[in-house]
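This report refers to the structure that appears directly beneath it.
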Amino acid sequence: MVKARLEIQPIEEVQSLKSRTYDALKAAIGAMKIYDAGAELRLDERALSLQFGVSRTPLREALAQLEQEGLVRIAPRRGIYIVRKTKTEILEMITVWAALESMAARLVTEVASDAEIAGLHDLVDIFDNAAIEKYMSGYSDANIRFHAAIIALSGCKLIAEITNGLFTHVRAIRQRTIFEKDRARRSIVDHKEIVEALEARNGERAERLVREHTLKLKQHVEQFVQLD
């Protein structure tokens, strides 16, 4: 079994090294499938320093900030670990996400332009039933971008800030579960209905569909996902 690992890119000497290191490490953790079985959660400070091409000082500052945000845990004399949430915590996060994204969907019907809403078709239409097998390998990423787009199109900075704090874990659990129990096919159907409601400027329906869609993820995790 291939273990999920961080994919690190060297950091160039621009803006503060601490800020750049923080952004790059957070992005790497966010892109990692941290809830996959066998995921490599322990971080090697020396190896990270070499991979990023920075000294340990900005790296430690970045790690300290990530620890404050709950993304890593620094255990003295034991090491640094990417944090995985408990099942109860994940279920709570999904519940909060459902509330926030559903309100974002309502706001989209009020503030987004027709062209902006139409842009969601790029993340949905390619995955029709006729071509579903051909393009399914790319659906996990498109699924994440679809939900992020709804948040962005809402124009509400506070919703964006709060969901950003949930994004790493909600994204990772979506990645883990999207191809289980035929969830991907059902997700595609939901996305198309959501886009239709947004284009019709039906805020009430869009809000309900997005909330129900995310709560289906919660139900799946509750019933079928085992977490340490």
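All residue names refer to the structure tokens as shown: chains lettered A, B, ... in order, residues numbered from 1 in each chain, ligands numbered from 1 in order.
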
Within 9 Å of segment 201-211 of chain A, which residues of segment 69-145 of chain A come that close, and what is the closest atom pair and distance in Å for each? Count only C-alpha atoms and give it as CSV.
```
residue,atom,partner,partner_atom,distance
A:Thr95,CA,A:Arg211,CA,8.9
A:Trp97,CA,A:Arg211,CA,8.6
A:Ala98,CA,A:Arg211,CA,4.9
A:Ala99,CA,A:Arg211,CA,6.5
A:Leu100,CA,A:Arg211,CA,8.7
A:Glu101,CA,A:Val210,CA,6.9
A:Ser102,CA,A:Glu207,CA,4.4
A:Met103,CA,A:Glu207,CA,6.0
A:Ala104,CA,A:Glu207,CA,7.7
A:Ala105,CA,A:Glu207,CA,5.4
A:Arg106,CA,A:Gly203,CA,4.3
A:Leu107,CA,A:Gly203,CA,7.3
A:Val108,CA,A:Gly203,CA,7.9
A:Thr109,CA,A:Arg201,CA,4.6
A:Glu110,CA,A:Arg201,CA,7.1
```

Please return as JSON, numbers by chain: the residues of segment 29-122 of chain A that backbone DSSP assigns to strand (DSSP E). {"A": [42, 43, 72, 73, 74, 75, 79, 80, 81, 82]}

Emit the selected residues as a PDB file, in the first residue's frame, including C-alpha atoms.
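Contents of out-v3.pdb, as written:
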```pdb
ATOM      1  CA  ARG A  42       4.865  12.449  11.515  1.00  0.00           C
ATOM      2  CA  LEU A  43       6.839  15.417  10.182  1.00  0.00           C
ATOM      3  CA  VAL A  72      -0.128  20.061  13.768  1.00  0.00           C
ATOM      4  CA  ARG A  73       0.842  18.874  17.233  1.00  0.00           C
ATOM      5  CA  ILE A  74       4.348  19.432  18.572  1.00  0.00           C
ATOM      6  CA  ALA A  75       5.261  16.818  21.174  1.00  0.00           C
ATOM      7  CA  GLY A  79       8.202  14.803  17.225  1.00  0.00           C
ATOM      8  CA  ILE A  80       5.760  16.841  15.155  1.00  0.00           C
ATOM      9  CA  TYR A  81       2.516  15.305  13.919  1.00  0.00           C
ATOM     10  CA  ILE A  82      -0.256  16.322  11.558  1.00  0.00           C
TER      11      ILE A  82
END
```

Shell of 8 Å around Arg171 of chain A, only C-alpha atoms, local chain residues under 3 positions omitted, as a VMD selection string: chain A and resid 30 144 167 to 168 174 to 175

Test item: residues at most 7 Å from Arg176 of chain A, only C-alpha atoms, excluding those fewer than 2 positions along its chain, as a PyMOL selection string: chain A and resi 35-36+172-174+178

Residues near Ala115 of chain A, cut-off 12 Å, only C-alpha atoms, skip fewer than 5 positions along chain, as a count of residues only: 7
